[in-house]
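One file, coords.cif, carrying mmCIF, C-alpha atoms and all ligand atoms:
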data_upload
#
loop_
_atom_site.label_atom_id
_atom_site.label_comp_id
_atom_site.auth_asym_id
_atom_site.auth_seq_id
_atom_site.Cartn_x
_atom_site.Cartn_y
_atom_site.Cartn_z
CA MET A 1 0.00 0.00 0.00
CA GLY A 2 2.77 2.44 1.00
CA ALA A 3 4.69 1.60 -2.17
CA ILE A 4 1.65 2.33 -4.39
CA ILE A 5 1.14 5.69 -2.68
CA ARG A 6 4.81 6.53 -3.18
CA ILE A 7 4.61 5.65 -6.91
CA LEU A 8 1.43 7.77 -7.28
CA LYS A 9 3.17 10.67 -5.50
CA ALA A 10 6.15 10.36 -7.86
CA ILE A 11 3.85 10.38 -10.92
CA LEU A 12 2.01 13.45 -9.55
CA LEU A 13 5.31 15.19 -8.91
CA VAL A 14 6.51 14.52 -12.49
CA PHE A 15 3.19 15.85 -13.87
CA SER A 16 3.11 18.99 -11.75
CA PHE A 17 6.77 19.63 -12.58
CA GLY A 18 5.93 19.19 -16.26
CA PHE A 19 3.06 21.68 -16.03
CA THR A 20 5.07 24.41 -14.35
CA LYS A 21 7.81 23.93 -16.95
CA SER A 22 5.40 24.08 -19.87
CA SER A 23 3.82 27.34 -18.69
CA GLY A 24 6.67 29.38 -20.16
CA PRO A 25 10.23 30.42 -19.41
CA LEU A 26 9.11 33.03 -16.85
CA GLN A 27 7.37 32.38 -13.55
CA CYS A 28 6.60 35.27 -11.20
CA TYR A 29 5.20 35.15 -7.68
CA ASN A 30 4.19 37.91 -5.30
CA ASP A 31 3.82 37.49 -1.55
CA TYR A 32 1.01 40.07 -1.43
CA ALA A 33 3.09 42.21 0.87
CA ALA A 34 6.30 43.62 -0.60
CA GLU A 35 8.14 41.01 -2.63
CA LEU A 36 7.92 40.02 -6.27
CA LYS A 37 10.11 37.11 -7.29
CA CYS A 38 10.59 35.88 -10.85
CA THR A 39 12.37 32.75 -12.02
CA LEU A 40 13.56 32.23 -15.53
CA THR A 41 14.35 28.94 -17.18
CA LEU A 42 17.13 29.13 -19.74
CA PRO A 43 18.79 26.38 -21.78
CA ASP A 44 22.11 27.52 -20.32
CA PRO A 45 21.90 28.77 -16.69
CA ASN A 46 25.25 30.56 -17.13
CA ASP A 47 23.37 33.13 -19.23
CA CYS A 48 21.29 34.26 -16.20
CA SER A 49 23.12 37.50 -15.51
CA GLU A 50 22.84 38.65 -19.15
CA ASN A 51 19.08 38.85 -18.72
CA LYS A 52 16.95 41.37 -16.91
CA ALA A 53 13.27 41.88 -16.30
CA SER A 54 11.53 45.23 -16.52
CA ILE A 55 8.24 45.23 -14.69
CA LEU A 56 5.44 47.77 -14.81
CA ILE A 57 2.86 47.59 -12.06
CA PRO A 58 -0.15 49.83 -12.75
CA LYS A 59 -0.08 53.42 -11.61
CA ASP A 60 3.45 53.86 -12.97
CA ARG A 61 5.43 51.72 -10.59
CA TYR A 62 8.37 50.61 -12.69
CA PHE A 63 11.03 48.13 -11.53
CA GLU A 64 14.05 46.53 -13.10
CA CYS A 65 15.85 43.47 -11.81
CA ARG A 66 18.75 41.41 -13.02
CA PHE A 67 18.68 37.63 -12.94
CA ASP A 68 21.15 35.60 -10.92
CA GLN A 69 21.87 31.92 -11.04
CA ILE A 70 20.45 30.01 -8.06
CA PRO A 71 21.77 26.72 -6.62
CA THR A 72 18.80 24.73 -7.99
CA GLY A 73 19.88 25.63 -11.53
CA GLY A 74 17.43 28.31 -12.66
CA CYS A 75 17.69 32.08 -12.74
CA GLU A 76 16.02 34.29 -10.19
CA CYS A 77 15.36 37.96 -9.62
CA ARG A 78 13.68 39.63 -6.66
CA ILE A 79 12.11 43.02 -6.03
CA GLN A 80 11.65 43.45 -2.31
CA ASP A 81 10.22 46.94 -2.01
CA VAL A 82 6.92 46.83 -3.88
CA PRO A 83 4.55 49.13 -1.99
CA GLY A 84 1.75 46.58 -1.79
CA PHE A 85 -0.27 44.55 -4.28
CA VAL A 86 -3.86 44.98 -5.40
CA ILE A 87 -6.21 42.25 -6.57
CA ARG A 88 -7.19 42.38 -10.28
CA GLU A 89 -4.15 44.44 -11.18
CA ILE A 90 -2.08 43.15 -14.09
CA PHE A 91 1.64 43.77 -14.20
CA ARG A 92 3.60 43.71 -17.42
CA VAL A 93 6.97 42.07 -17.62
CA ASN A 94 9.54 42.37 -20.40
CA VAL A 95 12.53 40.06 -20.34
CA SER A 96 15.49 41.36 -22.28
CA LYS A 97 18.99 40.22 -23.10
CA GLY A 98 21.18 43.20 -23.81
CA ASN A 99 18.85 45.65 -25.53
CA ALA A 100 16.66 43.01 -27.15
CA ILE A 101 13.32 42.18 -25.52
CA TRP A 102 12.80 38.48 -26.14
CA HIS A 103 9.83 37.71 -23.88
CA MET A 104 6.74 39.71 -22.83
CA GLU A 105 4.15 38.59 -20.34
CA ASN A 106 1.13 39.99 -18.55
CA ILE A 107 0.77 38.62 -15.05
CA SER A 108 -2.32 38.91 -12.87
CA THR A 109 -1.72 39.72 -9.23
CA GLU A 110 -4.07 37.16 -7.73
CA GLU A 111 -2.92 34.34 -10.01
CA SER A 112 0.67 34.90 -8.95
CA ILE A 113 0.15 35.02 -5.19
CA LYS A 114 2.51 32.78 -3.28
CA PRO A 115 2.27 33.65 0.43
CA ARG A 116 5.28 33.93 2.72
CA ARG A 117 5.98 30.74 4.58
CA PRO A 118 4.28 30.48 7.97
CA ILE A 119 6.00 30.02 11.31
CA ILE A 120 4.97 27.28 13.73
CA THR A 121 4.83 29.35 16.91
CA SER A 122 4.18 26.58 19.43
CA VAL A 123 3.34 22.92 19.88
CA VAL A 124 1.80 22.51 23.32
CA PRO A 125 1.02 19.03 24.69
CA LYS A 126 -2.22 18.97 26.68
CA PRO A 127 -3.04 16.70 29.64
CA SER A 128 -5.51 14.85 27.38
CA GLY A 129 -2.61 13.80 25.12
CA ASP A 130 -3.67 16.18 22.33
CA PHE A 131 -1.32 18.78 20.87
CA LEU A 132 -2.28 22.40 20.40
CA ILE A 133 -0.49 23.91 17.41
CA THR A 134 -0.35 27.65 16.80
CA PHE A 135 0.92 29.40 13.69
CA ASN A 136 2.08 32.85 12.79
CA THR A 137 1.16 33.58 9.19
CA THR A 138 3.51 36.62 9.34
CA TYR A 139 0.65 38.71 7.88
CA THR A 140 -0.99 41.16 10.26
CA LYS A 141 -4.37 40.05 11.57
CA ARG A 142 -5.98 43.43 10.71
CA ASP A 143 -5.18 42.83 7.04
CA THR A 144 -8.15 41.25 5.20
CA PHE A 145 -5.62 39.19 3.23
CA SER A 146 -4.70 37.28 6.39
CA LYS A 147 -8.31 36.08 6.59
CA SER A 148 -7.92 34.53 3.12
CA LEU A 149 -5.05 32.28 4.20
CA LEU A 150 -5.45 28.54 4.54
CA VAL A 151 -2.77 26.77 6.54
CA GLU A 152 -1.92 23.22 5.56
CA LEU A 153 -0.03 21.15 8.08
CA THR A 154 1.76 17.90 7.46
CA TYR A 155 3.11 15.59 10.11
CA ALA A 156 4.75 12.19 10.15
CA ILE A 157 6.87 10.05 12.42
CA GLU A 158 10.48 11.10 11.85
CA GLY A 159 11.91 9.15 8.91
CA SER A 160 8.56 7.71 7.81
CA ASP A 161 6.67 8.45 4.58
CA ASP A 162 3.19 7.99 6.05
CA ASP A 163 2.40 11.63 6.55
CA VAL A 164 -0.92 13.11 7.56
CA THR A 165 -2.02 16.32 5.85
CA LYS A 166 -4.64 18.67 7.19
CA LEU A 167 -5.96 21.82 5.53
CA LEU A 168 -7.31 24.30 8.07
CA GLY A 169 -10.19 26.65 7.47
CA GLU A 170 -9.72 30.18 6.12
CA GLY A 171 -8.01 32.49 8.58
CA LEU A 172 -7.49 29.82 11.26
CA THR A 173 -4.13 29.83 13.01
CA THR A 174 -4.59 27.13 15.64
CA TYR A 175 -5.17 23.43 15.34
CA GLU A 176 -5.43 20.57 17.76
CA ILE A 177 -3.93 17.22 16.78
CA VAL A 178 -5.89 14.45 18.50
CA GLY A 179 -3.40 12.46 20.56
CA SER A 180 -5.23 9.14 20.23
CA ASN A 181 -4.60 9.26 16.46
CA LEU A 182 -0.85 9.43 17.08
CA GLN A 183 1.49 6.58 17.86
CA PRO A 184 2.62 6.65 21.48
CA ASN A 185 6.26 7.19 22.38
CA ALA A 186 7.15 8.49 18.91
CA GLU A 187 8.92 11.54 17.53
CA TYR A 188 6.84 13.46 15.00
CA VAL A 189 7.98 16.12 12.54
CA LEU A 190 5.48 18.85 11.77
CA ARG A 191 5.65 21.32 8.88
CA ALA A 192 3.21 23.92 7.63
CA ARG A 193 2.62 25.89 4.47
CA MET A 194 -0.26 28.03 3.29
CA LYS A 195 -2.16 29.35 0.31
CA SER A 196 -4.59 32.21 -0.20
CA SER A 197 -8.18 31.85 -1.31
CA TYR A 198 -7.58 35.03 -3.35
CA SER A 199 -5.54 32.94 -5.75
CA PRO A 200 -7.35 30.65 -8.18
CA ASN A 201 -4.11 28.76 -8.73
CA ASP A 202 -3.71 27.24 -5.25
CA VAL A 203 -0.03 28.11 -5.12
CA PHE A 204 1.31 27.10 -1.74
CA SER A 205 4.00 28.93 0.15
CA ASP A 206 7.26 27.22 0.95
CA TYR A 207 7.19 24.97 4.00
CA SER A 208 7.85 26.38 7.45
CA GLU A 209 10.82 25.28 9.50
CA PRO A 210 10.05 21.76 10.75
CA ARG A 211 9.02 21.34 14.36
CA VAL A 212 9.63 18.11 16.27
CA PHE A 213 7.31 16.92 19.02
CA LYS A 214 7.26 13.73 21.10
CA THR A 215 4.23 11.71 22.13
CA SER A 216 4.24 10.21 25.61
CA PRO A 217 4.29 6.46 26.21
CA SER A 218 0.83 4.88 26.44
CA LEU A 219 -0.59 3.19 29.57
CA GLN A 220 -0.11 -0.18 27.85
CA ASN A 221 3.57 0.61 27.28
CA ILE A 222 3.97 1.68 30.91
CA LEU A 223 2.30 -1.56 32.06
CA LYS A 224 4.57 -3.57 29.76
CA ILE A 225 7.53 -2.17 31.71
CA ILE A 226 5.98 -2.16 35.19
CA LEU A 227 4.43 -5.65 35.18
CA PRO A 228 7.69 -7.63 34.73
CA VAL A 229 9.31 -5.45 37.42
CA LEU A 230 6.43 -6.17 39.80
CA CYS A 231 6.70 -9.90 39.06
CA LEU A 232 10.45 -9.81 39.74
CA ILE A 233 9.88 -8.02 43.05
CA LEU A 234 7.25 -10.60 43.99
CA ILE A 235 9.63 -13.50 43.20
CA LEU A 236 12.43 -11.84 45.20
CA CYS A 237 10.07 -11.32 48.16
CA THR A 238 9.00 -14.97 48.09
CA PHE A 239 12.60 -16.15 48.04
CA SER A 240 13.71 -13.87 50.84
CA ILE A 241 10.77 -14.91 53.05
CA TYR A 242 11.65 -18.57 52.42
CA PHE A 243 15.32 -17.86 53.19
CA TRP A 244 14.55 -16.04 56.46
CA PHE A 245 12.18 -18.77 57.51
CA ASN A 246 14.78 -21.49 56.92
CA ARG A 247 17.72 -19.62 58.42
CA ILE A 248 16.22 -17.87 61.41
CA LEU A 249 12.65 -18.79 62.17
CA LYS A 250 12.99 -22.59 61.90
CA PRO A 251 16.02 -22.99 64.27
CA TRP A 252 14.29 -20.65 66.72
CA TRP A 253 11.07 -22.65 66.44
CA ASP A 254 12.92 -25.93 67.00
CA LYS A 255 14.50 -24.57 70.22
CA ILE A 256 11.12 -24.19 71.93
CA PRO A 257 10.76 -27.28 74.31
CA THR A 258 7.76 -29.58 73.88
CA PRO A 259 5.37 -29.03 76.81
CA LYS A 260 5.44 -31.88 79.48
CA PHE A 261 1.83 -31.77 80.57
CA SER A 262 0.79 -33.62 77.47
CA SER A 263 2.29 -36.99 78.70
CA ASN A 264 0.72 -36.61 82.18
CA PHE A 265 -2.56 -35.98 80.52
CA VAL A 266 -2.33 -39.26 78.55
CA LYS A 267 -1.44 -41.21 81.77
CA GLN A 268 -4.44 -39.84 83.57
CA VAL A 269 -6.84 -41.23 81.01
CA PRO A 270 -6.44 -44.98 81.95
CA GLN A 271 -7.01 -44.10 85.66
CA LEU A 272 -10.29 -42.51 84.74
CA LEU A 273 -11.19 -45.58 82.73
CA SER A 274 -10.43 -48.02 85.62
CA PHE A 275 -12.51 -45.88 87.92
CA GLN A 276 -15.42 -46.18 85.51
CA ASN A 277 -14.97 -50.02 85.42
CA GLU A 278 -15.13 -50.25 89.20
CA LEU A 279 -18.36 -48.29 89.20
CA SER A 280 -19.99 -50.47 86.56
CA SER A 281 -18.89 -53.72 88.34
CA VAL A 282 -21.05 -52.71 91.29
CA SER A 283 -24.47 -54.23 90.40
CA PRO A 284 -27.77 -52.63 91.45
CA VAL A 285 -28.58 -55.76 93.53
CA SER A 286 -25.39 -55.61 95.50
CA THR A 287 -25.92 -51.93 96.12
CA GLU A 288 -29.33 -52.79 97.54
CA LYS A 289 -27.70 -55.43 99.75
CA LEU A 290 -25.11 -52.97 100.82
CA MET A 291 -27.81 -50.49 101.66
CA ALA A 292 -29.72 -53.13 103.62
CA LYS A 293 -26.59 -54.17 105.49
CA LYS A 294 -25.95 -50.59 106.41
CA ILE A 295 -29.51 -50.25 107.69
C1 LIG B 1 7.88 46.30 -22.73
O1 LIG B 1 8.21 46.50 -24.06
C2 LIG B 1 7.23 47.25 -24.77
C3 LIG B 1 7.67 47.31 -26.24
O2 LIG B 1 8.97 47.77 -26.32
C4 LIG B 1 7.09 48.65 -24.18
O3 LIG B 1 6.08 49.35 -24.85
C5 LIG B 1 6.70 48.50 -22.71
O4 LIG B 1 6.63 49.75 -22.08
C6 LIG B 1 7.70 47.62 -22.00
N1 LIG B 1 7.22 47.38 -20.67
C7 LIG B 1 8.00 47.36 -19.60
C8 LIG B 1 7.38 47.02 -18.30
O5 LIG B 1 9.20 47.56 -19.69
C1 LIG B 2 -0.72 42.82 -21.98
O1 LIG B 2 -1.88 43.65 -21.82
C2 LIG B 2 -1.89 44.80 -22.64
C3 LIG B 2 -3.10 45.65 -22.25
O2 LIG B 2 -4.25 44.87 -22.03
C4 LIG B 2 -1.94 44.36 -24.11
O3 LIG B 2 -1.93 45.48 -24.95
C5 LIG B 2 -0.73 43.49 -24.40
O4 LIG B 2 -0.80 42.96 -25.69
C6 LIG B 2 -0.63 42.31 -23.41
N1 LIG B 2 0.62 41.65 -23.61
C7 LIG B 2 0.72 40.30 -23.58
C8 LIG B 2 2.11 39.76 -23.75
O5 LIG B 2 -0.23 39.56 -23.43
C1 LIG B 3 4.71 36.82 13.62
O1 LIG B 3 5.93 36.85 12.92
C2 LIG B 3 6.33 38.14 12.51
C3 LIG B 3 7.54 38.00 11.62
O2 LIG B 3 8.50 37.16 12.18
C4 LIG B 3 6.58 39.00 13.74
O3 LIG B 3 6.97 40.28 13.37
C5 LIG B 3 5.29 39.07 14.55
O4 LIG B 3 5.51 39.78 15.74
C6 LIG B 3 4.80 37.68 14.87
N1 LIG B 3 3.48 37.78 15.47
C7 LIG B 3 3.13 37.08 16.54
C8 LIG B 3 1.74 37.29 17.03
O5 LIG B 3 3.90 36.34 17.11
#
Kindly transcribe the structure held in the file into structure tokens.
Amino acid sequence: MGAIIRILKAILLVFSFGFTKSSGPLQCYNDYAAELKCTLTLPDPNDCSENKASILIPKDRYFECRFDQIPTGGCECRIQDVPGFVIREIFRVNVSKGNAIWHMENISTEESIKPRRPIITSVVPKPSGDFLITFNTTYTKRDTFSKSLLVELTYAIEGSDDDVTKLLGEGLTTYEIVGSNLQPNAEYVLRARMKSSYSPNDVFSDYSEPRVFKTSPSLQNILKIILPVLCLILILCTFSIYFWFNRILKPWWDKIPTPKFSSNFVKQVPQLLSFQNELSSVSPVSTEKLMAKKI
């Protein structure tokens, strides 16, 4: 089952990769705050710095940025001082090499939203075994844009592929992971990313820094440890009682003298018996005679 899921994931990855590649040499994203980032795919990444993008955002905001090669192989340019973005605005981008414009593109603001990555503020274990997770979207709460954000969190046991993914409701920044759905005594890695409902393209932010949290051992696990210990203690107790009895109690017990009255008691019994015989040997007739004689 896990293998099938992994193969499906790989196929999906190849497809999504293919789609982003086929959408053109230029890909621009805005964080709906201040940054516009464009990546350029060139046959030869060494040509990055020969290219520049000129960008016109409506109401005469004009920016130019030069591409640089990035470690992943593509070219990237960033403008980090855009004074805000507005939904339904279209910005125009010209890509030029030297003086020759070789690519032109119109980009819609909402379609190119890629939010900043969120921060996992805290993971608080509760007495019930659940975990309360809180996020900082890094966008101010007063901003209506922050209410459009959907946080997606993913967690898995460290080193395992069986991750659980949860998409929170719009604007929510807390989530409670139910402890009984987690494996006890395990180390989980939690990551979060988010997208905006303003964007029809569902472009997710990068993932947050991972956060590790540990589940506590279950009652069954505790019993598994405690029961053998209890048994061992019980066996030790039994042995030590037996030892003390043999070594100390028994010799002491044997030293107590047997009481003498018991033999006297046995000797007295035949005397009683002979007395009874004497009585019975006296017949009623003879007693009458005796009585008569006495009279
Ligand atoms: C892009 O090039 C066209 C044609 O040269 C020009 O009219 C337009 O102003 C340029 N736009 C930007 C953002 O540089
Ligand atoms: C961008 O939009 C402008 C105005 O609507 C249009 O004149 C121009 O042809 C468009 N350019 C591209 C590359 O689609
Ligand atoms: C959220 O993160 C931002 C950027 O790091 C910080 O300026 C802000 O104070 C944080 N907000 C809260 C409520 O922690």
Test item: residues no farther than 12 Å from ligand LIG 2 (chain B), counting all atoms listed in the file, as a ChimeraX atom specification
/A:24,26,55-58,89-95,101-108
Show me which residues are within 12 Å of ligand LIG 3 (chain B) counting all atoms listed in the file, and format the list as number ranges by chain.
A: 116-122, 134-142, 146, 173, 208
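The space separating atom CA of Ser96 of chain A from atom CA of Gln80 of chain A comes to 20.4 Å.
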Which residues are near Phe67 of chain A? Cut-off 8 Å, only C-alpha atoms, ignore same chain within fewer than 2 positions. Put them as a list in words.
Leu40, Cys48, Ser49, Glu50, Asn51, Lys52, Ala53, Cys65, Gln69, Cys75, Glu76 and Cys77 of chain A
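For the point (-1.5, 13.0, 24.7), the residues with at least one atom inside 8 Å, counting all atoms listed in the file, are Pro125, Lys126, Pro127, Ser128, Gly129, Asp130, Phe131, Val178, Gly179, Ser180, Thr215 and Ser216 of chain A.
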What does the structure give for the distance between atom CA of Thr154 of chain A and atom CA of Ile222 of chain A, in Å to one decimal?
28.6 Å
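Atom to atom, atom CA of Glu152 of chain A and atom CA of Asp31 of chain A stand 16.9 Å apart.
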So which residues are close to (10.2, 13.5, 17.2), meaning at most 6 Å away in the file's coordinates with only C-alpha atoms counted, and can you show them as number ranges by chain?
A: 158, 187-189, 212-214
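Minimum distance to Tyr198 of chain A across A:Ser148, A:Ser160, A:Thr174, A:Asn181 (counting only C-alpha atoms) occurs at A:Ser148.
Proximity ranking of A:Val123, A:Leu36, A:Cys231, A:Ala100 relative to Leu190 of chain A places A:Val123 first, based on all atoms listed in the file.
Of the residues under consideration (A:Leu182, A:Lys37, A:Lys59, A:Ser205), A:Lys59 shows the shortest atom-to-atom contact distance to ligand LIG 1 (chain B) when counting only C-alpha atoms and all ligand atoms.
Closest to ligand LIG 1 (chain B) among A:Arg61, A:Ile70, A:Ile248, A:Lys97 is A:Arg61, based on only C-alpha atoms and all ligand atoms.
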For segment 244-257 of chain A, where the input has fewer atoms than it should, I would like N, CA, C and O atoms rebuilt and written as a tab-separated table (two decimals), in the frame of the given file.
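Okay, this is what ended up in part06.tsv:
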chain	number	residue	atom	x	y	z
A	244	TRP	N	14.60	-16.45	55.07
A	244	TRP	CA	14.55	-16.04	56.46
A	244	TRP	C	13.87	-17.09	57.31
A	244	TRP	O	14.26	-17.35	58.44
A	245	PHE	N	12.88	-17.74	56.75
A	245	PHE	CA	12.18	-18.77	57.51
A	245	PHE	C	13.13	-19.92	57.82
A	245	PHE	O	13.26	-20.35	58.95
A	246	ASN	N	13.87	-20.35	56.76
A	246	ASN	CA	14.78	-21.49	56.92
A	246	ASN	C	15.94	-21.17	57.86
A	246	ASN	O	16.34	-21.99	58.66
A	247	ARG	N	16.52	-19.98	57.71
A	247	ARG	CA	17.72	-19.62	58.42
A	247	ARG	C	17.47	-19.21	59.87
A	247	ARG	O	18.24	-19.52	60.75
A	248	ILE	N	16.40	-18.48	60.10
A	248	ILE	CA	16.22	-17.87	61.41
A	248	ILE	C	15.00	-18.40	62.15
A	248	ILE	O	15.10	-18.87	63.29
A	249	LEU	N	13.88	-18.42	61.46
A	249	LEU	CA	12.65	-18.79	62.17
A	249	LEU	C	12.64	-20.27	62.57
A	249	LEU	O	12.28	-20.62	63.68
A	250	LYS	N	13.10	-21.15	61.65
A	250	LYS	CA	12.99	-22.59	61.90
A	250	LYS	C	13.86	-23.03	63.09
A	250	LYS	O	13.37	-23.67	64.01
A	251	PRO	N	15.20	-22.62	63.11
A	251	PRO	CA	16.02	-22.99	64.27
A	251	PRO	C	15.42	-22.48	65.58
A	251	PRO	O	15.40	-23.18	66.59
A	252	TRP	N	14.88	-21.25	65.52
A	252	TRP	CA	14.29	-20.65	66.72
A	252	TRP	C	13.07	-21.46	67.16
A	252	TRP	O	12.85	-21.74	68.32
A	253	TRP	N	12.29	-21.88	66.20
A	253	TRP	CA	11.07	-22.65	66.44
A	253	TRP	C	11.43	-24.00	67.08
A	253	TRP	O	10.81	-24.43	68.05
A	254	ASP	N	12.51	-24.61	66.50
A	254	ASP	CA	12.92	-25.93	67.00
A	254	ASP	C	13.42	-25.88	68.44
A	254	ASP	O	13.36	-26.87	69.16
A	255	LYS	N	13.94	-24.70	68.87
A	255	LYS	CA	14.50	-24.57	70.22
A	255	LYS	C	13.40	-24.57	71.29
A	255	LYS	O	13.67	-24.84	72.45
A	256	ILE	N	12.19	-24.24	70.92
A	256	ILE	CA	11.12	-24.19	71.93
A	256	ILE	C	10.84	-25.62	72.43
A	256	ILE	O	10.60	-26.53	71.63
A	257	PRO	N	10.94	-25.90	73.80
A	257	PRO	CA	10.76	-27.28	74.31
A	257	PRO	C	9.30	-27.72	74.18
A	257	PRO	O	8.40	-26.91	74.25
